[in-house]
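protein04.pdb (PDB, C-alpha atoms)
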```
ATOM      1  CA  MET A   1     210.754-187.265  45.409
ATOM      2  CA  ILE A   2     213.525-189.679  44.373
ATOM      3  CA  VAL A   3     215.002-192.014  46.980
ATOM      4  CA  VAL A   4     218.701-192.820  46.571
ATOM      5  CA  THR A   5     219.944-195.682  48.728
ATOM      6  CA  GLY A   6     223.665-195.551  49.360
ATOM      7  CA  GLY A   7     223.091-191.863  48.706
ATOM      8  CA  ALA A   8     226.069-190.768  50.804
ATOM      9  CA  GLY A   9     228.354-193.275  49.118
ATOM     10  CA  PHE A  10     230.515-192.774  46.064
ATOM     11  CA  ILE A  11     228.265-193.210  43.028
ATOM     12  CA  GLY A  12     225.126-192.519  45.065
ATOM     13  CA  SER A  13     226.281-189.103  46.286
ATOM     14  CA  ASN A  14     227.157-188.035  42.752
ATOM     15  CA  ILE A  15     223.645-189.026  41.675
ATOM     16  CA  VAL A  16     222.220-187.069  44.624
ATOM     17  CA  ALA A  17     224.289-184.007  43.657
ATOM     18  CA  SER A  18     223.058-184.110  40.058
ATOM     19  CA  LEU A  19     219.412-184.535  41.046
ATOM     20  CA  ALA A  20     219.493-181.928  43.831
ATOM     21  CA  ASP A  21     221.335-179.404  41.658
ATOM     22  CA  GLY A  22     218.613-179.948  39.057
ATOM     23  CA  GLY A  23     215.915-179.031  41.576
ATOM     24  CA  ARG A  24     214.555-182.548  42.204
ATOM     25  CA  PRO A  25     213.733-183.461  45.829
ATOM     26  CA  VAL A  26     215.970-186.300  47.025
ATOM     27  CA  ALA A  27     215.781-188.512  50.103
ATOM     28  CA  VAL A  28     219.058-190.194  51.055
ATOM     29  CA  CYS A  29     219.145-193.632  52.643
ATOM     30  CA  ASP A  30     222.531-194.511  54.119
ATOM     31  CA  HIS A  31     224.692-195.088  57.172
ATOM     32  CA  PHE A  32     227.229-192.323  57.872
ATOM     33  CA  GLY A  33     229.395-193.722  60.653
ATOM     34  CA  GLU A  34     232.041-191.672  62.418
ATOM     35  CA  GLY A  35     234.119-190.474  59.469
ATOM     36  CA  ASP A  36     233.735-187.812  56.790
ATOM     37  CA  LYS A  37     231.214-189.635  54.619
ATOM     38  CA  TRP A  38     228.629-186.986  55.512
ATOM     39  CA  ARG A  39     230.667-184.480  53.502
ATOM     40  CA  ASN A  40     229.638-186.292  50.306
ATOM     41  CA  VAL A  41     226.142-184.793  50.626
ATOM     42  CA  ALA A  42     226.847-181.763  52.830
ATOM     43  CA  LYS A  43     226.377-179.219  50.029
ATOM     44  CA  HIS A  44     222.876-180.329  49.113
ATOM     45  CA  ASP A  45     219.414-179.716  50.530
ATOM     46  CA  LEU A  46     217.924-183.158  51.173
ATOM     47  CA  ALA A  47     214.233-183.952  51.448
ATOM     48  CA  ASP A  48     214.966-186.559  54.119
ATOM     49  CA  ILE A  49     217.694-188.819  55.540
ATOM     50  CA  VAL A  50     216.704-192.407  56.293
ATOM     51  CA  ALA A  51     218.683-195.192  57.989
ATOM     52  CA  PRO A  52     218.662-198.402  55.888
ATOM     53  CA  GLU A  53     217.009-200.423  58.660
ATOM     54  CA  ARG A  54     214.123-197.929  58.673
ATOM     55  CA  LEU A  55     213.738-197.694  54.904
ATOM     56  CA  LEU A  56     210.866-200.126  54.355
ATOM     57  CA  ALA A  57     208.813-198.600  57.166
ATOM     58  CA  TRP A  58     209.612-195.126  55.822
ATOM     59  CA  LEU A  59     208.461-196.177  52.346
ATOM     60  CA  GLN A  60     205.197-197.508  53.723
ATOM     61  CA  GLN A  61     204.527-194.060  55.209
ATOM     62  CA  ASN A  62     205.951-191.900  52.407
ATOM     63  CA  GLY A  63     205.794-194.078  49.307
ATOM     64  CA  GLY A  64     202.954-192.069  47.791
ATOM     65  CA  GLY A  65     205.344-189.175  47.266
ATOM     66  CA  VAL A  66     208.158-191.267  45.768
ATOM     67  CA  SER A  67     208.575-191.101  41.983
ATOM     68  CA  ALA A  68     211.546-193.493  41.703
ATOM     69  CA  ILE A  69     214.087-195.411  43.764
ATOM     70  CA  VAL A  70     217.758-195.487  42.770
ATOM     71  CA  HIS A  71     219.211-198.368  44.755
ATOM     72  CA  MET A  72     222.990-197.904  44.991
ATOM     73  CA  GLY A  73     223.341-199.083  48.588
ATOM     74  CA  ALA A  74     225.424-202.227  49.114
ATOM     75  CA  ASN A  75     228.291-203.760  50.980
ATOM     76  CA  SER A  76     230.782-203.262  48.152
ATOM     77  CA  SER A  77     233.911-204.700  49.753
ATOM     78  CA  THR A  78     235.354-207.429  47.549
ATOM     79  CA  THR A  79     237.288-208.739  50.578
ATOM     80  CA  GLU A  80     234.333-208.973  53.012
ATOM     81  CA  ARG A  81     234.085-212.518  54.388
ATOM     82  CA  ASP A  82     230.853-212.214  56.420
ATOM     83  CA  VAL A  83     228.615-213.672  53.736
ATOM     84  CA  ASP A  84     225.474-213.424  55.880
ATOM     85  CA  LEU A  85     226.059-209.674  56.138
ATOM     86  CA  ILE A  86     226.545-209.430  52.372
ATOM     87  CA  VAL A  87     223.340-211.389  51.702
ATOM     88  CA  ARG A  88     221.320-209.131  54.007
ATOM     89  CA  SER A  89     222.768-205.944  52.536
ATOM     90  CA  ASN A  90     223.052-206.849  48.864
ATOM     91  CA  PHE A  91     220.392-209.450  48.193
ATOM     92  CA  GLN A  92     217.560-209.345  50.717
ATOM     93  CA  LEU A  93     217.182-205.560  50.823
ATOM     94  CA  SER A  94     217.210-205.507  47.028
ATOM     95  CA  VAL A  95     214.440-208.129  46.920
ATOM     96  CA  ASP A  96     212.411-206.108  49.420
ATOM     97  CA  LEU A  97     212.799-202.882  47.428
ATOM     98  CA  TRP A  98     211.962-204.609  44.143
ATOM     99  CA  THR A  99     208.820-206.086  45.704
ATOM    100  CA  PHE A 100     207.771-202.717  47.120
ATOM    101  CA  CYS A 101     208.338-200.958  43.772
ATOM    102  CA  ALA A 102     206.508-203.669  41.852
ATOM    103  CA  HIS A 103     203.393-203.436  44.023
ATOM    104  CA  SER A 104     203.530-199.636  44.349
ATOM    105  CA  GLY A 105     204.123-198.875  40.666
ATOM    106  CA  ILE A 106     207.448-197.116  41.297
ATOM    107  CA  PRO A 107     210.401-197.312  38.854
ATOM    108  CA  LEU A 108     213.575-198.905  40.224
ATOM    109  CA  ILE A 109     217.181-198.544  39.113
ATOM    110  CA  TYR A 110     219.619-200.751  41.005
ATOM    111  CA  ALA A 111     223.364-201.290  41.086
ATOM    112  CA  SER A 112     224.631-204.624  39.884
ATOM    113  CA  SER A 113     228.367-204.953  39.239
ATOM    114  CA  ALA A 114     230.987-206.034  36.727
ATOM    115  CA  ALA A 115     232.134-208.344  39.539
ATOM    116  CA  THR A 116     229.283-210.641  38.434
ATOM    117  CA  TYR A 117     231.380-211.575  35.371
ATOM    118  CA  GLY A 118     234.019-213.325  37.471
ATOM    119  CA  ASP A 119     237.255-213.955  35.606
ATOM    120  CA  GLY A 120     235.688-212.892  32.311
ATOM    121  CA  SER A 121     235.939-216.334  30.727
ATOM    122  CA  ALA A 122     232.244-216.099  29.736
ATOM    123  CA  GLY A 123     232.725-212.586  28.367
ATOM    124  CA  PHE A 124     231.297-209.292  29.586
ATOM    125  CA  GLU A 125     228.066-209.228  27.617
ATOM    126  CA  ASP A 126     225.153-207.598  29.432
ATOM    127  CA  ASP A 127     222.966-210.430  28.195
ATOM    128  CA  TRP A 128     220.337-210.970  30.877
ATOM    129  CA  SER A 129     218.954-214.235  29.586
ATOM    130  CA  ASP A 130     219.014-216.968  32.210
ATOM    131  CA  ARG A 131     221.077-219.070  29.804
ATOM    132  CA  TYR A 132     223.893-216.530  29.800
ATOM    133  CA  LEU A 133     223.680-215.580  33.473
ATOM    134  CA  ALA A 134     223.979-219.271  34.408
ATOM    135  CA  GLN A 135     227.466-219.311  32.856
ATOM    136  CA  LEU A 136     228.885-216.567  35.084
ATOM    137  CA  ARG A 137     231.053-217.467  38.061
ATOM    138  CA  PRO A 138     231.775-214.481  40.354
ATOM    139  CA  LEU A 139     235.050-214.650  42.263
ATOM    140  CA  ASN A 140     233.958-213.258  45.652
ATOM    141  CA  PRO A 141     230.848-213.025  47.875
ATOM    142  CA  TYR A 142     230.169-209.435  46.765
ATOM    143  CA  GLY A 143     230.010-210.387  43.068
ATOM    144  CA  TRP A 144     228.024-213.524  43.888
ATOM    145  CA  SER A 145     225.394-211.555  45.860
ATOM    146  CA  LYS A 146     224.922-209.113  42.983
ATOM    147  CA  HIS A 147     224.702-211.981  40.515
ATOM    148  CA  GLN A 148     222.096-213.766  42.616
ATOM    149  CA  PHE A 149     219.876-210.695  42.600
ATOM    150  CA  ASP A 150     220.241-210.290  38.821
ATOM    151  CA  ARG A 151     219.122-213.896  38.381
ATOM    152  CA  TRP A 152     216.231-213.413  40.840
ATOM    153  CA  VAL A 153     215.055-210.384  38.838
ATOM    154  CA  VAL A 154     215.164-212.315  35.570
ATOM    155  CA  ARG A 155     213.154-215.147  37.155
ATOM    156  CA  GLN A 156     210.509-212.729  38.383
ATOM    157  CA  ARG A 157     210.033-211.392  34.894
ATOM    158  CA  ALA A 158     210.054-214.852  33.284
ATOM    159  CA  ASP A 159     207.497-216.171  35.791
ATOM    160  CA  GLY A 160     205.074-213.335  35.022
ATOM    161  CA  ALA A 161     205.324-211.827  38.487
ATOM    162  CA  VAL A 162     204.446-208.189  39.065
ATOM    163  CA  VAL A 163     207.484-206.044  38.244
ATOM    164  CA  PRO A 164     208.220-202.323  38.619
ATOM    165  CA  PRO A 165     206.815-200.220  35.743
ATOM    166  CA  ARG A 166     210.381-199.403  34.668
ATOM    167  CA  TRP A 167     213.505-201.067  35.970
ATOM    168  CA  ALA A 168     217.195-201.339  35.178
ATOM    169  CA  GLY A 169     220.182-203.088  36.716
ATOM    170  CA  LEU A 170     223.548-201.421  36.103
ATOM    171  CA  LYS A 171     226.804-203.385  35.910
ATOM    172  CA  PHE A 172     229.326-200.730  36.871
ATOM    173  CA  PHE A 173     232.898-201.340  35.785
ATOM    174  CA  ASN A 174     235.911-199.500  37.329
ATOM    175  CA  VAL A 175     234.424-196.190  38.419
ATOM    176  CA  TYR A 176     236.582-193.272  39.574
ATOM    177  CA  GLY A 177     235.769-189.691  40.533
ATOM    178  CA  PRO A 178     234.936-187.312  43.394
ATOM    179  CA  ASN A 179     233.451-188.442  46.717
ATOM    180  CA  GLU A 180     235.187-191.822  46.874
ATOM    181  CA  TYR A 181     237.521-190.775  49.698
ATOM    182  CA  HIS A 182     235.702-192.705  52.438
ATOM    183  CA  LYS A 183     236.284-196.040  50.691
ATOM    184  CA  GLY A 184     239.711-196.707  52.201
ATOM    185  CA  ASP A 185     241.632-199.358  50.298
ATOM    186  CA  MET A 186     238.700-199.663  47.849
ATOM    187  CA  MET A 187     239.393-196.173  46.474
ATOM    188  CA  SER A 188     240.396-195.972  42.831
ATOM    189  CA  VAL A 189     244.024-196.058  41.724
ATOM    190  CA  ALA A 190     243.540-192.461  40.566
ATOM    191  CA  VAL A 191     243.237-191.241  44.179
ATOM    192  CA  LYS A 192     246.086-193.422  45.399
ATOM    193  CA  ALA A 193     248.314-192.245  42.551
ATOM    194  CA  HIS A 194     247.527-188.599  43.286
ATOM    195  CA  ARG A 195     248.451-189.066  46.944
ATOM    196  CA  SER A 196     251.756-190.718  46.078
ATOM    197  CA  ILE A 197     252.720-188.138  43.471
ATOM    198  CA  THR A 198     251.906-185.129  45.633
ATOM    199  CA  ALA A 199     253.921-186.725  48.464
ATOM    200  CA  GLY A 200     256.925-186.948  46.149
ATOM    201  CA  GLN A 201     256.775-190.733  45.905
ATOM    202  CA  PRO A 202     256.552-193.034  42.887
ATOM    203  CA  VAL A 203     253.198-194.596  42.009
ATOM    204  CA  THR A 204     253.214-198.280  42.938
ATOM    205  CA  LEU A 205     251.443-200.769  40.673
ATOM    206  CA  PHE A 206     251.288-204.554  40.624
ATOM    207  CA  LYS A 207     253.699-206.578  38.567
ATOM    208  CA  SER A 208     252.053-208.888  36.081
ATOM    209  CA  HIS A 209     252.083-212.616  36.726
ATOM    210  CA  HIS A 210     250.552-213.385  33.333
ATOM    211  CA  PRO A 211     252.723-213.795  30.222
ATOM    212  CA  ASP A 212     250.297-211.872  28.004
ATOM    213  CA  PHE A 213     250.405-208.688  30.095
ATOM    214  CA  PRO A 214     253.387-206.476  30.991
ATOM    215  CA  ASP A 215     253.827-204.987  34.457
ATOM    216  CA  GLY A 216     251.157-202.322  34.851
ATOM    217  CA  GLY A 217     249.565-203.543  31.642
ATOM    218  CA  GLN A 218     246.594-205.180  33.345
ATOM    219  CA  LEU A 219     243.514-203.752  31.624
ATOM    220  CA  ARG A 220     240.334-202.290  33.069
ATOM    221  CA  ASP A 221     237.369-200.341  31.736
ATOM    222  CA  PHE A 222     237.858-197.151  33.766
ATOM    223  CA  VAL A 223     234.688-195.036  33.730
ATOM    224  CA  TYR A 224     234.362-191.514  35.124
ATOM    225  CA  VAL A 225     231.546-191.223  37.654
ATOM    226  CA  ASP A 226     229.882-188.421  35.658
ATOM    227  CA  ASP A 227     229.189-190.958  32.889
ATOM    228  CA  CYS A 228     227.500-193.257  35.422
ATOM    229  CA  VAL A 229     225.334-190.383  36.626
ATOM    230  CA  ALA A 230     224.400-189.466  33.057
ATOM    231  CA  ILE A 231     223.158-193.010  32.399
ATOM    232  CA  VAL A 232     221.094-193.046  35.615
ATOM    233  CA  ARG A 233     219.575-189.660  34.761
ATOM    234  CA  TRP A 234     218.719-190.879  31.263
ATOM    235  CA  LEU A 235     217.096-194.057  32.603
ATOM    236  CA  LEU A 236     214.982-192.092  35.078
ATOM    237  CA  ASP A 237     213.359-190.286  32.170
ATOM    238  CA  ALA A 238     213.497-192.982  29.478
ATOM    239  CA  PRO A 239     210.064-194.476  28.759
ATOM    240  CA  ASP A 240     209.584-198.225  28.315
ATOM    241  CA  THR A 241     213.180-199.126  29.183
ATOM    242  CA  GLU A 242     214.077-202.194  31.181
ATOM    243  CA  GLY A 243     216.958-204.603  31.460
ATOM    244  CA  ILE A 244     220.453-205.121  32.789
ATOM    245  CA  PHE A 245     223.053-202.829  31.251
ATOM    246  CA  ASN A 246     226.818-202.449  31.364
ATOM    247  CA  VAL A 247     228.145-199.090  32.532
ATOM    248  CA  GLY A 248     231.635-198.448  31.229
ATOM    249  CA  THR A 249     233.394-196.826  28.295
ATOM    250  CA  GLY A 250     233.736-199.824  26.001
ATOM    251  CA  LYS A 251     237.512-199.311  25.919
ATOM    252  CA  ALA A 252     239.921-201.128  28.232
ATOM    253  CA  ARG A 253     242.967-199.156  29.398
ATOM    254  CA  SER A 254     245.956-200.171  31.491
ATOM    255  CA  PHE A 255     246.749-199.209  35.061
ATOM    256  CA  ALA A 256     249.939-197.686  33.685
ATOM    257  CA  ASP A 257     247.789-195.484  31.405
ATOM    258  CA  LEU A 258     245.753-194.358  34.403
ATOM    259  CA  ALA A 259     248.849-193.528  36.437
ATOM    260  CA  ALA A 260     250.360-191.648  33.478
ATOM    261  CA  ALA A 261     247.163-189.610  33.151
ATOM    262  CA  VAL A 262     247.424-188.533  36.802
ATOM    263  CA  PHE A 263     251.074-187.535  36.310
ATOM    264  CA  ALA A 264     250.097-185.558  33.189
ATOM    265  CA  ALA A 265     247.255-183.772  34.989
ATOM    266  CA  LEU A 266     249.775-182.691  37.644
ATOM    267  CA  GLY A 267     252.378-181.691  35.063
ATOM    268  CA  ARG A 268     254.847-184.337  36.246
ATOM    269  CA  GLU A 269     256.919-186.963  34.458
ATOM    270  CA  PRO A 270     255.797-190.546  35.174
ATOM    271  CA  ASP A 271     257.602-192.370  38.001
ATOM    272  CA  ILE A 272     256.143-195.841  38.481
ATOM    273  CA  SER A 273     257.455-198.759  40.524
ATOM    274  CA  TYR A 274     256.127-202.304  40.491
ATOM    275  CA  VAL A 275     255.569-204.762  43.336
ATOM    276  CA  ASP A 276     254.559-208.406  43.404
ATOM    277  CA  MET A 277     250.867-209.111  43.576
ATOM    278  CA  PRO A 278     249.872-210.653  46.935
ATOM    279  CA  ASP A 279     249.535-214.432  46.847
ATOM    280  CA  ALA A 280     246.037-214.143  48.355
ATOM    281  CA  ILE A 281     244.616-212.543  45.199
ATOM    282  CA  ARG A 282     246.995-213.810  42.513
ATOM    283  CA  ASP A 283     244.937-216.850  41.523
ATOM    284  CA  ARG A 284     241.688-214.863  41.159
ATOM    285  CA  TYR A 285     242.957-211.631  39.690
ATOM    286  CA  GLN A 286     241.263-210.208  36.587
ATOM    287  CA  TYR A 287     243.744-209.118  33.928
ATOM    288  CA  PHE A 288     241.159-207.736  31.529
ATOM    289  CA  THR A 289     237.708-206.172  31.769
ATOM    290  CA  GLN A 290     235.859-204.247  29.083
ATOM    291  CA  ALA A 291     232.211-203.272  28.943
ATOM    292  CA  PRO A 292     230.378-203.814  25.658
ATOM    293  CA  MET A 293     227.996-200.849  25.563
ATOM    294  CA  ASN A 294     225.822-201.913  22.617
ATOM    295  CA  ARG A 295     222.745-202.761  24.661
ATOM    296  CA  ILE A 296     222.239-199.352  26.249
ATOM    297  CA  ARG A 297     223.188-197.644  22.992
ATOM    298  CA  HIS A 298     220.465-199.615  21.221
ATOM    299  CA  ALA A 299     218.037-198.563  23.951
ATOM    300  CA  GLY A 300     218.653-194.939  22.934
ATOM    301  CA  TYR A 301     221.429-193.640  25.188
ATOM    302  CA  ASN A 302     223.853-191.738  22.944
ATOM    303  CA  GLN A 303     226.111-189.616  25.155
ATOM    304  CA  PRO A 304     229.796-190.356  24.413
ATOM    305  CA  ALA A 305     231.987-191.777  27.159
ATOM    306  CA  THR A 306     234.618-189.566  28.775
ATOM    307  CA  GLU A 307     238.142-190.407  27.623
ATOM    308  CA  LEU A 308     240.435-191.571  30.428
ATOM    309  CA  GLU A 309     242.819-188.624  30.142
ATOM    310  CA  ASP A 310     239.931-186.132  30.129
ATOM    311  CA  GLY A 311     238.202-187.706  33.120
ATOM    312  CA  VAL A 312     241.395-187.918  35.140
ATOM    313  CA  ALA A 313     242.243-184.283  34.331
ATOM    314  CA  GLN A 314     238.790-183.158  35.484
ATOM    315  CA  TYR A 315     239.125-185.207  38.651
ATOM    316  CA  VAL A 316     242.639-184.085  39.528
ATOM    317  CA  LYS A 317     242.249-180.393  38.732
ATOM    318  CA  GLY A 318     238.644-179.940  39.813
ATOM    319  CA  PHE A 319     238.671-182.044  42.978
ATOM    320  CA  LEU A 320     241.814-183.869  44.144
ATOM    321  CA  SER A 321     244.037-180.788  43.874
ATOM    322  CA  ALA A 322     241.328-178.335  44.965
ATOM    323  CA  ALA A 323     240.808-176.950  48.466
ATOM    324  CA  ASP A 324     237.347-178.561  48.473
ATOM    325  CA  ARG A 325     237.434-182.114  47.100
ATOM    326  CA  TYR A 326     233.702-182.760  47.433
ATOM    327  CA  ARG A 327     230.922-182.415  44.883
TER     328      ARG A 327
END
```

Starting from the file, give its structure as structure tokens.
Amino acid sequence: MIVVTGGAGFIGSNIVASLADGGRPVAVCDHFGEGDKWRNVAKHDLADIVAPERLLAWLQQNGGGVSAIVHMGANSSTTERDVDLIVRSNFQLSVDLWTFCAHSGIPLIYASSAATYGDGSAGFEDDWSDRYLAQLRPLNPYGWSKHQFDRWVVRQRADGAVVPPRWAGLKFFNVYGPNEYHKGDMMSVAVKAHRSITAGQPVTLFKSHHPDFPDGGQLRDFVYVDDCVAIVRWLLDAPDTEGIFNVGTGKARSFADLAAAVFAALGREPDISYVDMPDAIRDRYQYFTQAPMNRIRHAGYNQPATELEDGVAQYVKGFLSAADRYR
């Protein structure tokens, strides 16, 4: 059995779908709340459903049947200000799961984040030496909590502590794809653009407040969720692989490119308007992110990344415009 924390969330539920469709028993650990998040896993037969606060006790009882833990669960809001909550959710639970996997001999894959790179002034290299990690300055409590766990992991290994038999931390860049609908304002621009276009409204993007970037020309490494799932699946079966890896395409594209791809998938001509960026985020806004993918390629992963236009077309036609949007 594979345990997926955050298994009803965006990336987690896509991992669950891939594993369950492949015939592997999956236990989901997550909170569902009062909304439609449950629909993210409704199509799949689950081995068990575990509340996060019960997970460690559940593992003590059922750990002998667990073959791997994929830890995607986190408080992923970049605007959350309750730092104690973020530390409990993103750091302490991760430490507890790492410790359990290390002493139980269970492989662990966990979600880090591109938010650990901060403004990008130190680059986006998935170099997990303490020397490099010490240079990074995340811009919000979410990125800081992920960065702290990355550094804790590296210290464990350097100090000769017991570690899981295989482990990997994944620095996800700008992921888009099915099952992100519960994320509210944290949904990708692809979803927001689709909603605006189908409502007959222009797509609204931020103006640039940087002389090197035109309006809508802010650049991100947009990665289709299927590529993230493919990397997790590969790591689950890859022998002797460990480390912290970027998960992106290796090619930065603009928000205007993303919006244009949604228009194209719907057979519409682009209609984009631009608004000023809020003052609250203007001084800590990232204008460029791009994921060097050399490290995981050198480890043996060779599946090509999905081009932005292809991923958006799959998303729009297969999910956003379909009667059933869920995977």

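The shortest atom-to-atom distance to Lys192 in chain A, with all atoms listed in the file taken into account, belongs to A:Phe255 out of A:Val83, A:Phe255, A:Arg220, A:Leu59.
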
Hey, can you check how far CA of Ala193 in chain A sits from CA of Gln303 in chain A?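 Computing it gives 28.3 Å between the two atoms.
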
Find, counting all atoms listed in the file, the residue in A:Ala291, A:Pro25, A:Leu136, A:Gln286 that gets nearest to Ile2 in chain A.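 Closest to Ile2 in chain A of all the choices is A:Pro25.
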
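CA of Val3 in chain A is found 28.5 Å from CA of Leu133 in chain A.
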
Between CA of Cys29 in chain A and CA of Gly300 in chain A, measure the distance and give it in Å to one decimal. 29.7 Å

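Distance check against Glu53 in chain A using all atoms listed in the file: of A:Ala27, A:Pro165, A:Val189, A:Thr5, the minimum falls on A:Thr5.
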
Chain and number of each residue from the PyMOL selection byres ((chain A and resi 240) around 10), as a list in words: Pro165, Arg166, Trp167, Leu235, Asp237, Ala238, Pro239, Thr241, Glu242 and Ala299 of chain A

Pick out the residues sitting within 8 Å of Gly169 in chain A, and hand them over as number ranges by chain; count only C-alpha atoms, and ignore anything fewer than 2 positions along from it in its own chain. A: 109-112, 150, 167, 171, 243-245

Give me the box for range 307-313 of chain A as JSON, namely the centre and edge lengths in Å to one decimal of a box along x, y and z that holds every listed atom plus 8 Å on each side.
```
{"center_x": 240.5, "center_y": -187.9, "center_z": 31.4, "size_x": 20.7, "size_y": 23.3, "size_z": 23.5}
```

I need the output of the PyMOL selection byres ((chain A and resi 253) around 9) for this file as a PyMOL selection string; which residues are they? chain A and resi 217-222+251-252+254-258+290+308

For range 30-45 of chain A, list every protein, DNA or RNA residue within 7 Å, evaluated using all atoms listed in the file, and leave out those in the same chain fewer than 3 positions away; present the list as a list of chain:residue names. A:Thr5, A:Gly6, A:Gly7, A:Ala8, A:Ser13, A:Ala17, A:Ala20, A:Val50, A:Ala51, A:Pro52, A:Asn179, A:His182, A:Tyr326, A:Arg327

For the selection you just gave me, I'd like the residues written to a file as a PDB file, in the coordinates of the input, keeping C-alpha atoms.
```pdb
ATOM      1  CA  THR A   5     219.944-195.682  48.728  1.00  0.00           C
ATOM      2  CA  GLY A   6     223.665-195.551  49.360  1.00  0.00           C
ATOM      3  CA  GLY A   7     223.091-191.863  48.706  1.00  0.00           C
ATOM      4  CA  ALA A   8     226.069-190.768  50.804  1.00  0.00           C
ATOM      5  CA  SER A  13     226.281-189.103  46.286  1.00  0.00           C
ATOM      6  CA  ALA A  17     224.289-184.007  43.657  1.00  0.00           C
ATOM      7  CA  ALA A  20     219.493-181.928  43.831  1.00  0.00           C
ATOM      8  CA  VAL A  50     216.704-192.407  56.293  1.00  0.00           C
ATOM      9  CA  ALA A  51     218.683-195.192  57.989  1.00  0.00           C
ATOM     10  CA  PRO A  52     218.662-198.402  55.888  1.00  0.00           C
ATOM     11  CA  ASN A 179     233.451-188.442  46.717  1.00  0.00           C
ATOM     12  CA  HIS A 182     235.702-192.705  52.438  1.00  0.00           C
ATOM     13  CA  TYR A 326     233.702-182.760  47.433  1.00  0.00           C
ATOM     14  CA  ARG A 327     230.922-182.415  44.883  1.00  0.00           C
TER      15      ARG A 327
END
```

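If all atoms listed in the file are the atoms counted, then among A:Gln201, A:Asn140, A:Gln60, A:Ser188 the closest residue to Gly118 in chain A is A:Asn140.
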
Expected selection from the PyMOL selection byres ((chain A and resi 141) around 9), given as a PyMOL selection string: chain A and resi 78-83+86-87+138-140+142-146

Output of the above residues as a PDB file, keeping the file's coordinate frame, restricted to C-alpha atoms:
```
ATOM      1  CA  THR A  78     235.354-207.429  47.549  1.00  0.00           C
ATOM      2  CA  THR A  79     237.288-208.739  50.578  1.00  0.00           C
ATOM      3  CA  GLU A  80     234.333-208.973  53.012  1.00  0.00           C
ATOM      4  CA  ARG A  81     234.085-212.518  54.388  1.00  0.00           C
ATOM      5  CA  ASP A  82     230.853-212.214  56.420  1.00  0.00           C
ATOM      6  CA  VAL A  83     228.615-213.672  53.736  1.00  0.00           C
ATOM      7  CA  ILE A  86     226.545-209.430  52.372  1.00  0.00           C
ATOM      8  CA  VAL A  87     223.340-211.389  51.702  1.00  0.00           C
ATOM      9  CA  PRO A 138     231.775-214.481  40.354  1.00  0.00           C
ATOM     10  CA  LEU A 139     235.050-214.650  42.263  1.00  0.00           C
ATOM     11  CA  ASN A 140     233.958-213.258  45.652  1.00  0.00           C
ATOM     12  CA  TYR A 142     230.169-209.435  46.765  1.00  0.00           C
ATOM     13  CA  GLY A 143     230.010-210.387  43.068  1.00  0.00           C
ATOM     14  CA  TRP A 144     228.024-213.524  43.888  1.00  0.00           C
ATOM     15  CA  SER A 145     225.394-211.555  45.860  1.00  0.00           C
ATOM     16  CA  LYS A 146     224.922-209.113  42.983  1.00  0.00           C
TER      17      LYS A 146
END
```

Shell around Glu307 in chain A at 9 Å using all atoms listed in the file, local window under 6 positions removed, as an mmCIF file with C-alpha atoms, keeping the file's coordinate frame:
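As a result, around.cif now contains:
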```cif
data_model
loop_
_atom_site.group_PDB
_atom_site.id
_atom_site.type_symbol
_atom_site.label_atom_id
_atom_site.label_comp_id
_atom_site.auth_asym_id
_atom_site.auth_seq_id
_atom_site.Cartn_x
_atom_site.Cartn_y
_atom_site.Cartn_z
ATOM 1 C CA VAL A 223 234.688 -195.036 33.730
ATOM 2 C CA TYR A 224 234.362 -191.514 35.124
ATOM 3 C CA THR A 249 233.394 -196.826 28.295
#
```

Find the residues near Asp227 in chain A: any atom within 9 Å, counting all atoms listed in the file, skip ones fewer than 5 places away on the same chain, and give them as a list in words. Val232, Val247, Gly248, Thr249, Gln303, Pro304, Ala305 and Thr306 of chain A

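Closest approach to Gly160 in chain A among A:Asp212, A:Arg233, A:Ala102, A:Val175 is made by A:Ala102 (distances from all atoms listed in the file).
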
Within 12 Å of (254.7, -209.2, 42.2) (coordinates as in the file), grab all the protein and nucleic acid residues, counting all atoms listed in the file, and write them out as a list in words.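 Here is the list of nearby residues: Thr204, Leu205, Phe206, Lys207, Ser208, His209, His210, Pro214, Asp215, Gly216, Ser273, Tyr274, Val275, Asp276, Met277, Pro278, Asp279, Ala280, Ile281 and Arg282 of chain A.
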
Which is closest to Ala114 in chain A among A:Leu56, A:Leu170, A:Ala47, A:Ala323, if we use all atoms listed in the file?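 Distance minimum relative to Ala114 in chain A lands on A:Leu170.
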
Which residues of range 141-216 of chain A have any atom within 9 Å of an atom in range 266-270 of chain A when counting all atoms listed in the file, and what is the closest pair of atoms for each, with the distance in Å to one decimal? Order the rows by chain and rising number and write it as a Markdown table.
```
| residue | atom | partner | partner_atom | distance |
| --- | --- | --- | --- | --- |
| A:His194 | CA | A:Leu266 | CA | 8.5 |
| A:Ile197 | CA | A:Arg268 | CA | 8.4 |
| A:Thr198 | CA | A:Leu266 | CA | 8.6 |
| A:Pro202 | CA | A:Pro270 | CA | 8.1 |
| A:Val203 | CA | A:Pro270 | CA | 8.4 |
```

Within 12 Å of Ala122 in chain A, counting all atoms listed in the file, which residues show up once you throw out same-chain ones fewer than 4 positions away? Write them as a ChimeraX atom specification, please. /A:116-118,126-127,131-138,289

Let's have the selection written as a compact mmCIF listing (two decimals), in the coordinates of the input, with C-alpha atoms.
```
# COMPACT_ATOMS: atom_id res chain seq x y z
CA THR A 116 229.28 -210.64 38.43
CA TYR A 117 231.38 -211.58 35.37
CA GLY A 118 234.02 -213.32 37.47
CA ASP A 126 225.15 -207.60 29.43
CA ASP A 127 222.97 -210.43 28.20
CA ARG A 131 221.08 -219.07 29.80
CA TYR A 132 223.89 -216.53 29.80
CA LEU A 133 223.68 -215.58 33.47
CA ALA A 134 223.98 -219.27 34.41
CA GLN A 135 227.47 -219.31 32.86
CA LEU A 136 228.88 -216.57 35.08
CA ARG A 137 231.05 -217.47 38.06
CA PRO A 138 231.78 -214.48 40.35
CA THR A 289 237.71 -206.17 31.77
```
